[in-house]
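Chemist: As input, take run-v3.cif (mmCIF, C-alpha atoms):
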data_structure
#
loop_
_atom_site.group_PDB
_atom_site.id
_atom_site.type_symbol
_atom_site.label_atom_id
_atom_site.label_comp_id
_atom_site.auth_asym_id
_atom_site.auth_seq_id
_atom_site.Cartn_x
_atom_site.Cartn_y
_atom_site.Cartn_z
ATOM 1 C CA MET A 1 -101.956 -35.925 -155.441
ATOM 2 C CA SER A 2 -104.885 -33.496 -155.366
ATOM 3 C CA ALA A 3 -108.317 -34.659 -156.425
ATOM 4 C CA THR A 4 -109.090 -34.352 -160.123
ATOM 5 C CA LEU A 5 -111.337 -31.442 -161.080
ATOM 6 C CA LEU A 6 -113.249 -32.645 -164.126
ATOM 7 C CA THR A 7 -113.475 -29.990 -166.832
ATOM 8 C CA SER A 8 -114.005 -29.937 -170.569
ATOM 9 C CA LEU A 9 -111.604 -28.003 -172.766
ATOM 10 C CA THR A 10 -112.361 -27.057 -176.350
ATOM 11 C CA LEU A 11 -109.731 -26.356 -179.002
ATOM 12 C CA ALA A 12 -110.150 -22.649 -178.217
ATOM 13 C CA ASP A 13 -109.467 -23.375 -174.532
ATOM 14 C CA TRP A 14 -106.258 -25.252 -175.367
ATOM 15 C CA LEU A 15 -105.193 -22.340 -177.553
ATOM 16 C CA ALA A 16 -106.059 -19.915 -174.732
ATOM 17 C CA LEU A 17 -103.882 -21.962 -172.360
ATOM 18 C CA LEU A 18 -100.962 -21.723 -174.788
ATOM 19 C CA THR A 19 -101.388 -17.998 -175.444
ATOM 20 C CA HIS A 20 -101.760 -17.279 -171.718
ATOM 21 C CA PHE A 21 -98.379 -18.858 -171.005
ATOM 22 C CA LEU A 22 -96.882 -17.188 -174.092
ATOM 23 C CA SER A 23 -97.876 -13.788 -172.726
ATOM 24 C CA LEU A 24 -96.739 -14.594 -169.172
ATOM 25 C CA SER A 25 -93.370 -15.677 -170.519
ATOM 26 C CA LEU A 26 -92.569 -12.094 -171.449
ATOM 27 C CA LEU A 27 -93.639 -10.848 -168.000
ATOM 28 C CA ALA A 28 -91.483 -13.317 -166.054
ATOM 29 C CA VAL A 29 -88.999 -10.696 -164.866
ATOM 30 C CA GLY A 30 -86.875 -12.310 -162.156
ATOM 31 C CA GLY A 31 -88.101 -15.818 -162.918
ATOM 32 C CA VAL A 32 -91.360 -17.475 -163.820
ATOM 33 C CA ILE A 33 -92.381 -17.714 -160.144
ATOM 34 C CA THR A 34 -93.150 -13.983 -160.245
ATOM 35 C CA THR A 35 -96.075 -14.641 -162.626
ATOM 36 C CA VAL A 36 -97.888 -16.936 -160.155
ATOM 37 C CA PRO A 37 -100.551 -14.326 -159.219
ATOM 38 C CA ASP A 38 -101.736 -14.042 -162.816
ATOM 39 C CA MET A 39 -101.606 -17.819 -163.302
ATOM 40 C CA HIS A 40 -103.829 -18.177 -160.250
ATOM 41 C CA ARG A 41 -106.261 -15.570 -161.563
ATOM 42 C CA THR A 42 -106.580 -17.287 -164.936
ATOM 43 C CA LEU A 43 -106.314 -20.992 -164.119
ATOM 44 C CA VAL A 44 -108.157 -21.106 -160.786
ATOM 45 C CA ASP A 45 -110.395 -18.040 -160.426
ATOM 46 C CA GLN A 46 -111.417 -17.206 -163.983
ATOM 47 C CA ASN A 47 -111.552 -20.542 -165.857
ATOM 48 C CA GLN A 48 -111.623 -23.103 -163.014
ATOM 49 C CA TRP A 49 -109.204 -25.342 -164.938
ATOM 50 C CA LEU A 50 -107.346 -26.066 -161.673
ATOM 51 C CA SER A 51 -108.486 -26.461 -158.100
ATOM 52 C CA GLU A 52 -106.837 -24.453 -155.333
ATOM 53 C CA GLY A 53 -105.193 -27.630 -154.060
ATOM 54 C CA GLN A 54 -103.773 -28.560 -157.458
ATOM 55 C CA PHE A 55 -102.406 -25.055 -157.937
ATOM 56 C CA ASN A 56 -100.649 -25.025 -154.578
ATOM 57 C CA ALA A 57 -99.435 -28.617 -154.967
ATOM 58 C CA SER A 58 -97.869 -27.759 -158.336
ATOM 59 C CA ILE A 59 -95.748 -25.035 -156.784
ATOM 60 C CA ALA A 60 -94.913 -26.922 -153.596
ATOM 61 C CA ILE A 61 -93.816 -30.112 -155.382
ATOM 62 C CA ALA A 62 -91.723 -28.272 -157.965
ATOM 63 C CA GLN A 63 -90.038 -26.050 -155.374
ATOM 64 C CA ALA A 64 -89.172 -29.027 -153.174
ATOM 65 C CA ALA A 65 -87.824 -31.073 -156.090
ATOM 66 C CA PRO A 66 -84.296 -30.577 -157.436
ATOM 67 C CA GLY A 67 -84.001 -28.751 -160.727
ATOM 68 C CA PRO A 68 -85.262 -25.477 -162.157
ATOM 69 C CA ASN A 69 -88.263 -23.877 -160.469
ATOM 70 C CA VAL A 70 -90.045 -23.565 -163.841
ATOM 71 C CA LEU A 71 -91.134 -27.186 -163.324
ATOM 72 C CA PHE A 72 -94.263 -25.976 -161.534
ATOM 73 C CA VAL A 73 -95.555 -24.738 -164.902
ATOM 74 C CA ALA A 74 -95.257 -28.283 -166.258
ATOM 75 C CA LEU A 75 -97.222 -29.566 -163.263
ATOM 76 C CA MET A 76 -99.929 -26.955 -163.798
ATOM 77 C CA GLY A 77 -100.177 -27.979 -167.452
ATOM 78 C CA TRP A 78 -100.309 -31.622 -166.327
ATOM 79 C CA TYR A 79 -103.194 -30.942 -163.942
ATOM 80 C CA VAL A 80 -105.118 -28.863 -166.504
ATOM 81 C CA GLY A 81 -104.781 -31.658 -169.065
ATOM 82 C CA LEU A 82 -105.552 -34.327 -166.491
ATOM 83 C CA ASN A 83 -108.725 -32.519 -165.455
ATOM 84 C CA ALA A 84 -109.766 -32.107 -169.095
ATOM 85 C CA GLY A 85 -109.037 -35.757 -169.930
ATOM 86 C CA GLY A 86 -111.057 -37.244 -167.104
ATOM 87 C CA GLY A 87 -108.156 -38.115 -164.815
ATOM 88 C CA LEU A 88 -105.773 -41.049 -164.895
ATOM 89 C CA ALA A 89 -108.733 -43.422 -164.596
ATOM 90 C CA ALA A 90 -109.662 -42.420 -168.179
ATOM 91 C CA GLY A 91 -106.647 -44.373 -169.441
ATOM 92 C CA TRP A 92 -104.693 -43.203 -172.462
ATOM 93 C CA VAL A 93 -107.091 -40.269 -173.010
ATOM 94 C CA GLY A 94 -106.291 -38.904 -169.559
ATOM 95 C CA TRP A 95 -102.553 -39.461 -170.011
ATOM 96 C CA GLY A 96 -102.562 -37.947 -173.500
ATOM 97 C CA SER A 97 -104.511 -34.916 -172.362
ATOM 98 C CA ALA A 98 -102.171 -34.419 -169.384
ATOM 99 C CA LEU A 99 -99.092 -34.629 -171.612
ATOM 100 C CA LEU A 100 -100.652 -32.153 -174.052
ATOM 101 C CA GLY A 101 -101.169 -29.771 -171.130
ATOM 102 C CA VAL A 102 -97.494 -30.126 -170.158
ATOM 103 C CA LEU A 103 -96.362 -29.522 -173.737
ATOM 104 C CA LEU A 104 -98.485 -26.400 -174.245
ATOM 105 C CA ALA A 105 -97.641 -24.882 -170.855
ATOM 106 C CA MET A 106 -93.894 -25.439 -171.191
ATOM 107 C CA LEU A 107 -93.753 -24.353 -174.836
ATOM 108 C CA GLY A 108 -95.697 -21.209 -173.968
ATOM 109 C CA ILE A 109 -93.609 -20.262 -170.934
ATOM 110 C CA LEU A 110 -90.201 -21.025 -172.470
ATOM 111 C CA LEU A 111 -90.281 -19.984 -176.127
ATOM 112 C CA PRO A 112 -90.790 -16.178 -175.964
ATOM 113 C CA SER A 113 -88.619 -15.545 -172.902
ATOM 114 C CA THR A 114 -85.805 -17.752 -174.193
ATOM 115 C CA THR A 115 -85.770 -15.953 -177.523
ATOM 116 C CA LEU A 116 -85.975 -12.509 -175.911
ATOM 117 C CA THR A 117 -83.310 -13.367 -173.332
ATOM 118 C CA PHE A 118 -80.912 -14.585 -175.991
ATOM 119 C CA VAL A 119 -81.319 -11.485 -178.136
ATOM 120 C CA ALA A 120 -81.401 -8.995 -175.240
ATOM 121 C CA SER A 121 -78.443 -10.498 -173.378
ATOM 122 C CA ARG A 122 -76.254 -10.316 -176.469
ATOM 123 C CA TRP A 123 -77.265 -6.690 -177.041
ATOM 124 C CA GLY A 124 -76.924 -5.817 -173.326
ATOM 125 C CA HIS A 125 -73.485 -7.361 -173.113
ATOM 126 C CA GLN A 126 -72.313 -5.420 -176.144
ATOM 127 C CA ASN A 127 -73.712 -2.175 -174.656
ATOM 128 C CA ARG A 128 -73.156 -2.857 -170.925
ATOM 129 C CA GLU A 129 -71.441 0.490 -170.317
ATOM 130 C CA LEU A 130 -74.421 2.556 -171.480
ATOM 131 C CA ARG A 131 -76.152 4.473 -168.686
ATOM 132 C CA ALA A 132 -79.600 3.348 -169.923
ATOM 133 C CA VAL A 133 -78.627 -0.334 -169.716
ATOM 134 C CA ARG A 134 -77.313 0.042 -166.147
ATOM 135 C CA ALA A 135 -80.404 2.032 -165.097
ATOM 136 C CA PHE A 136 -82.721 -0.596 -166.587
ATOM 137 C CA LYS A 137 -81.018 -3.383 -164.624
ATOM 138 C CA GLN A 138 -81.216 -1.446 -161.363
ATOM 139 C CA GLY A 139 -84.839 -0.461 -161.971
ATOM 140 C CA LEU A 140 -85.973 -4.067 -162.330
ATOM 141 C CA ALA A 141 -84.929 -5.022 -158.780
ATOM 142 C CA PRO A 142 -87.975 -3.523 -156.972
ATOM 143 C CA VAL A 143 -90.315 -4.992 -159.600
ATOM 144 C CA VAL A 144 -88.974 -8.488 -158.949
ATOM 145 C CA VAL A 145 -89.276 -8.063 -155.163
ATOM 146 C CA ALA A 146 -92.890 -6.873 -155.450
ATOM 147 C CA LEU A 147 -93.848 -9.774 -157.712
ATOM 148 C CA LEU A 148 -92.279 -12.284 -155.312
ATOM 149 C CA ILE A 149 -94.202 -10.757 -152.392
ATOM 150 C CA ALA A 150 -97.446 -11.035 -154.386
ATOM 151 C CA THR A 151 -96.678 -14.707 -155.076
ATOM 152 C CA GLY A 152 -96.067 -15.405 -151.399
ATOM 153 C CA TRP A 153 -99.276 -13.605 -150.463
ATOM 154 C CA ILE A 154 -101.384 -15.743 -152.819
ATOM 155 C CA LEU A 155 -99.858 -18.980 -151.550
ATOM 156 C CA THR A 156 -100.386 -18.117 -147.878
ATOM 157 C CA ALA A 157 -103.826 -16.523 -148.370
ATOM 158 C CA ALA A 158 -105.115 -19.811 -149.822
ATOM 159 C CA HIS A 159 -105.230 -21.142 -146.243
ATOM 160 C CA GLY A 160 -107.524 -18.390 -145.036
ATOM 161 C CA ALA A 161 -106.978 -15.101 -143.269
ATOM 162 C CA ASP A 162 -108.978 -15.699 -140.072
ATOM 163 C CA LEU A 163 -107.372 -15.983 -136.641
ATOM 164 C CA ALA A 164 -107.721 -19.776 -136.600
ATOM 165 C CA HIS A 165 -104.817 -19.941 -139.040
ATOM 166 C CA TRP A 166 -102.427 -17.778 -136.992
ATOM 167 C CA PRO A 167 -99.785 -20.567 -136.767
ATOM 168 C CA LEU A 168 -99.441 -20.542 -140.579
ATOM 169 C CA TRP A 169 -98.981 -16.788 -140.653
ATOM 170 C CA LEU A 170 -96.461 -16.966 -137.807
ATOM 171 C CA LEU A 171 -94.555 -19.760 -139.544
ATOM 172 C CA THR A 172 -94.502 -17.741 -142.770
ATOM 173 C CA ALA A 173 -93.085 -14.699 -140.964
ATOM 174 C CA VAL A 174 -90.446 -16.754 -139.108
ATOM 175 C CA VAL A 175 -89.309 -18.495 -142.306
ATOM 176 C CA ALA A 176 -89.132 -15.164 -144.155
ATOM 177 C CA VAL A 177 -86.886 -13.724 -141.426
ATOM 178 C CA LEU A 178 -84.703 -16.865 -141.376
ATOM 179 C CA VAL A 179 -84.241 -16.769 -145.151
ATOM 180 C CA TRP A 180 -83.434 -13.060 -145.004
ATOM 181 C CA ARG A 181 -81.079 -13.027 -142.020
ATOM 182 C CA THR A 182 -79.359 -16.464 -142.069
ATOM 183 C CA ARG A 183 -77.653 -18.798 -144.499
ATOM 184 C CA LEU A 184 -79.792 -21.755 -143.415
ATOM 185 C CA HIS A 185 -80.487 -24.048 -146.372
ATOM 186 C CA LEU A 186 -84.083 -23.971 -147.645
ATOM 187 C CA LEU A 187 -84.386 -27.779 -147.483
ATOM 188 C CA TRP A 188 -84.069 -27.603 -143.670
ATOM 189 C CA LEU A 189 -86.903 -25.072 -143.582
ATOM 190 C CA LEU A 190 -89.045 -27.212 -145.893
ATOM 191 C CA GLY A 191 -88.377 -30.233 -143.702
ATOM 192 C CA ALA A 192 -89.291 -28.320 -140.546
ATOM 193 C CA GLY A 193 -92.523 -27.121 -142.155
ATOM 194 C CA ALA A 194 -93.386 -30.669 -143.233
ATOM 195 C CA LEU A 195 -92.727 -31.933 -139.700
ATOM 196 C CA LEU A 196 -94.901 -29.223 -138.149
ATOM 197 C CA GLY A 197 -97.662 -30.065 -140.628
ATOM 198 C CA ALA A 198 -97.387 -33.814 -139.922
ATOM 199 C CA LEU A 199 -97.669 -33.130 -136.180
ATOM 200 C CA GLY A 200 -100.786 -31.026 -136.837
ATOM 201 C CA LEU A 201 -99.261 -27.838 -135.438
ATOM 202 C CA VAL A 202 -99.858 -25.823 -138.618
#
Go through the file and emit its structure as structure tokens.

Modeler:
Amino acid sequence: MSATLLTSLTLADWLALLTHFLSLSLLAVGGVITTVPDMHRTLVDQNQWLSEGQFNASIAIAQAAPGPNVLFVALMGWYVGLNAGGGLAAGWVGWGSALLGVLLAMLGILLPSTTLTFVASRWGHQNRELRAVRAFKQGLAPVVVALLIATGWILTAAHGADLAHWPLWLLTAVVAVLVWRTRLHLLWLLGAGALLGALGLV
């Protein structure tokens, strides 16, 4: 687990955390992973509620674990609350604060998009033959691809852009090509990356 970054959150900060995820929920076109760049800007750069390591660990752990990829939002909320509560060493205050962070992050990211998806999918299904509906669906594809590329860029850029990190950039490019051109399961690629990291090659 990443080191705890001790912060102090006021009631306004907790409300800002909730409203931030509420707003991102409606921008999560193609999945919540596409909103990672704005989460990084707000949680790490702007407010320093998370460290770079905690941010990256949240995504890596959730993507490696079975289940929906939205779990990384719960981990981010956990780390924000944990940092605000003084860490697990603070006892029930730390645990309570971490659980509050999970609750606010997940409520914020799920409630608006779930409601909108339910209403829009019923309407879209009833009007699926309309030209505007078909055009809207086709027009979203490049938006989703661009947001996924931005997410990948933020995750890889966290390791630095100098030439000393060329193995990471090479590994990223090789994995991208393998995912694109083969049917190799992602768990094999994750395992290979973990092995290369354990051997100190990347």

Chemist: For Met106 in chain A, which of A:Gly77, A:Gly193, A:Gly31, A:Pro66 is the closest residue, counting all atoms listed in the file?

Modeler: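 Going through A:Gly77, A:Gly193, A:Gly31, A:Pro66 one by one, the smallest distance to Met106 in chain A is for A:Gly77.
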
Chemist: Between CA of Leu26 in chain A and CA of Leu116 in chain A, what is the spacing in Å?

Modeler: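 If I compute the distance from CA of Leu116 in chain A to CA of Leu26 in chain A, I get 8.0 Å.
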
Chemist: Just checking: using all atoms listed in the file, which residue out of A:Ala28, A:Val143, A:Ala84, A:Leu22 ends up closest to Ser8 in chain A?

Modeler: A:Ala84

Chemist: Distance CA of Leu170 in chain A-CA of Val202 in chain A, one decimal place?

Modeler: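 Going from CA of Leu170 in chain A over to CA of Val202 in chain A, I get 9.5 Å.
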
Chemist: Using the chain letters and numbers from the file, which residues does the PyMOL selection byres ((chain A and resi 155) around 12) grab, as a CSV table (one decimal) with C-alpha atoms, in the frame of the given file?

Modeler:
chain,number,residue,atom,x,y,z
A,33,ILE,CA,-92.4,-17.7,-160.1
A,36,VAL,CA,-97.9,-16.9,-160.2
A,37,PRO,CA,-100.6,-14.3,-159.2
A,39,MET,CA,-101.6,-17.8,-163.3
A,40,HIS,CA,-103.8,-18.2,-160.2
A,52,GLU,CA,-106.8,-24.5,-155.3
A,53,GLY,CA,-105.2,-27.6,-154.1
A,54,GLN,CA,-103.8,-28.6,-157.5
A,55,PHE,CA,-102.4,-25.1,-157.9
A,56,ASN,CA,-100.6,-25.0,-154.6
A,57,ALA,CA,-99.4,-28.6,-155.0
A,58,SER,CA,-97.9,-27.8,-158.3
A,59,ILE,CA,-95.7,-25.0,-156.8
A,60,ALA,CA,-94.9,-26.9,-153.6
A,148,LEU,CA,-92.3,-12.3,-155.3
A,149,ILE,CA,-94.2,-10.8,-152.4
A,150,ALA,CA,-97.4,-11.0,-154.4
A,151,THR,CA,-96.7,-14.7,-155.1
A,152,GLY,CA,-96.1,-15.4,-151.4
A,153,TRP,CA,-99.3,-13.6,-150.5
A,154,ILE,CA,-101.4,-15.7,-152.8
A,156,THR,CA,-100.4,-18.1,-147.9
A,157,ALA,CA,-103.8,-16.5,-148.4
A,158,ALA,CA,-105.1,-19.8,-149.8
A,159,HIS,CA,-105.2,-21.1,-146.2
A,160,GLY,CA,-107.5,-18.4,-145.0
A,161,ALA,CA,-107.0,-15.1,-143.3
A,168,LEU,CA,-99.4,-20.5,-140.6
A,169,TRP,CA,-99.0,-16.8,-140.7
A,172,THR,CA,-94.5,-17.7,-142.8
